[in-house]
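**Q** Just passing along the structure, written as structure tokens.
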Amino acid sequence: MAAENAPADVPANGSDGAEAPEVNVGRRYLLIGATAALSGVGGMFAAVPFVKSWVPSAKARAAGAPIRVDISRLSPGEMLGPIPAWRGQPVFIVARDSTAVERLKQDNPDLADPASENPERQPDYARNPWRSREAEVGVYLGICTHLGCSPKYHGEVKPEGFDPDWQGGFFCPCHGSRFDLAGRVVKGVPAPDNLDVPPYSYESDTVIVIGIDEENA
């Protein structure tokens, strides 16, 4: 007779009439369940890198986060920066006196793009002779538009080794590119464009928020 508890596909006796070993049904289902569970866990761990690829890291979030800069101690003729905080790029904040502002208004045939015609280099509110919201304070990314070096600030009007008629601005020591105090590039240097102006706004008279303006609020 067939054993009462044997599965239908497993005979109780062997083909030679000898008694077959007892089948532990509970253990079989336990192994099947464990195998399925392990397969599911393996699939879950395999999916973790894919899921994580859609979640920005804390570093990535911080890199694009707006930053607040106190300019209350910035005096005319000085530069605050570089501030390596916005999207991993250094930021220059320059204070200009009235003489420098008037000088930027004058026509300068040595500049490649004096009217800031390239719209990719600054927001609309920075398309003016000083390329900034306020004439006295300029905000620029400290990255040369040639190969990404960081220019040096030379704010004084005095002869320099790279320009005997220097009127103040930025000089890139890597390949000799020059920019005026509004970040406008001089003709004939390796840099093809003016320095970039990041989106920014004023939180108060003495605090600038870099990364947020009317279009990026």
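Ordered as shown in the structure tokens, chains take letters A, B, and onward, while each chain numbers its residues from 1 and ligands are numbered from 1 in the order shown.
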Write out as a tab-separated table a residue-level contact list of segment 96-194 of chain A versus segment 70-78 of chain A with cut-off 12 Å: for each qualifying residue the closest pair of atoms and the distance in Å to one decimal, counting only C-alpha atoms, rows sorted by chain and residue number upward.

**A**
```
residue	atom	partner	partner_atom	distance
A:Arg96	CA	A:Pro76	CA	4.9
A:Asp97	CA	A:Pro76	CA	5.0
A:Ser98	CA	A:Pro76	CA	8.8
A:Thr99	CA	A:Pro76	CA	10.2
A:Ala100	CA	A:Gly77	CA	8.7
A:Val101	CA	A:Pro76	CA	10.7
A:Ala135	CA	A:Pro76	CA	11.5
A:Glu136	CA	A:Pro76	CA	7.9
A:Val137	CA	A:Pro76	CA	8.7
A:Gly138	CA	A:Glu78	CA	10.9
A:Val139	CA	A:Ile71	CA	11.2
A:Tyr153	CA	A:Glu78	CA	9.1
A:His154	CA	A:Gly77	CA	9.6
A:Gly155	CA	A:Gly77	CA	6.2
A:Glu156	CA	A:Gly77	CA	7.4
A:Val157	CA	A:Gly77	CA	10.2
A:Gly168	CA	A:Gly77	CA	9.5
A:Gly169	CA	A:Gly77	CA	10.3
A:Leu181	CA	A:Gly77	CA	9.9
```

**Q** If we count only C-alpha atoms and set the cut-off at 8 Å, which residues sit around Val189 of chain A, ignoring sequence neighbours fewer than 4 positions away in its own chain? Please answer as an mmCIF file with N, CA, C and O atoms, in the first residue's frame.

**A**
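Writing the result to result.cif gives the following:
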```
data_model
loop_
_atom_site.group_PDB
_atom_site.id
_atom_site.type_symbol
_atom_site.label_atom_id
_atom_site.label_comp_id
_atom_site.auth_asym_id
_atom_site.auth_seq_id
_atom_site.Cartn_x
_atom_site.Cartn_y
_atom_site.Cartn_z
ATOM 1 N N GLY A 176 48.007 83.696 -19.415
ATOM 2 C CA GLY A 176 48.103 85.124 -19.679
ATOM 3 C C GLY A 176 46.826 85.848 -20.033
ATOM 4 O O GLY A 176 46.875 86.985 -20.521
ATOM 5 N N SER A 177 45.668 85.239 -19.792
ATOM 6 C CA SER A 177 44.407 85.935 -20.086
ATOM 7 C C SER A 177 44.175 87.043 -19.073
ATOM 8 O O SER A 177 44.528 86.929 -17.894
ATOM 9 N N ARG A 178 43.534 88.126 -19.545
ATOM 10 C CA ARG A 178 43.277 89.294 -18.697
ATOM 11 C C ARG A 178 41.804 89.694 -18.771
ATOM 12 O O ARG A 178 41.180 89.591 -19.827
ATOM 13 N N VAL A 185 36.718 90.170 -20.777
ATOM 14 C CA VAL A 185 37.990 89.687 -21.299
ATOM 15 C C VAL A 185 38.602 90.669 -22.283
ATOM 16 O O VAL A 185 37.897 91.347 -23.044
#
```

**Q** With distances taken over only C-alpha atoms, which residue among A:Ile143, A:Cys172, A:Val207, A:Ala112 lies nearest Gly188 of chain A?

**A**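 Comparing A:Ile143, A:Cys172, A:Val207, A:Ala112 against Gly188 of chain A, the winner is A:Ala112.
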
**Q** Could you please determine the separation between atom CA of Phe179 of chain A and atom CA of Glu214 of chain A in Å, to one decimal place?

**A**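 Distance between the two atoms: 27.3 Å.
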
**Q** Please indicate the distance in Å from atom CA of Ala65 of chain A to atom CA of Cys174 of chain A, rounded to one decimal place.

**A** 29.3 Å

**Q** Between A:Gly81, A:Gly142, A:Ala182, A:Tyr125, which is the closest to Glu102 of chain A once you count only C-alpha atoms?

**A**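 Of the candidates, the smallest distance to Glu102 of chain A is held by A:Ala182.
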
**Q** Would you list the contacts of Ala191 of chain A as a list in words, taking every protein, DNA or RNA residue within 8 Å and counting only C-alpha atoms, but skipping same-chain residues closer than 3 positions in sequence?

**A**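 Near Ala191 of chain A, the qualifying residues are Cys144, Thr145, His146, Leu147, Ser177, Val185 and Asn194 of chain A.
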
**Q** Within 9 Å of segment 103-107 of chain A, which residues of segment 122-190 of chain A show up? Give each one with its shortest atom-to-atom distance in Å (one decimal) and the two atoms involved, counting only C-alpha atoms, rows by chain then rising residue number, as CSV.

**A**
```
residue,atom,partner,partner_atom,distance
A:Asn128,CA,A:Lys105,CA,8.7
A:Pro129,CA,A:Lys105,CA,5.5
A:Trp130,CA,A:Leu104,CA,6.2
A:Gln167,CA,A:Arg103,CA,8.7
A:Asp180,CA,A:Leu104,CA,8.3
A:Leu181,CA,A:Leu104,CA,7.6
A:Ala182,CA,A:Leu104,CA,7.3
```

**Q** So that I can see what lies close to Gln89 of chain A, please list as a list of chain:residue names the residues with an atom at most 12 Å from it, counting only C-alpha atoms and leaving out residues fewer than 2 positions away in the same chain.

**A** A:Ala63, A:Gly64, A:Ile67, A:Gly81, A:Pro82, A:Ile83, A:Pro84, A:Ala85, A:Trp86, A:Arg87, A:Val91, A:Phe92, A:Tyr140, A:Leu141, A:Gly142, A:Ile143, A:Cys144, A:Gly148, A:Cys149, A:Ser150, A:Asp196, A:Val197, A:Pro198, A:Ile210, A:Gly211

**Q** For each of A:Val69, A:Leu195, A:Val186, A:Ile93, take the minimum atom-to-atom distance to Gln122 of chain A, counting only C-alpha atoms, then give the residue where this is smallest.

**A**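 Answer, going by the shortest atom-to-atom distance: A:Leu195.
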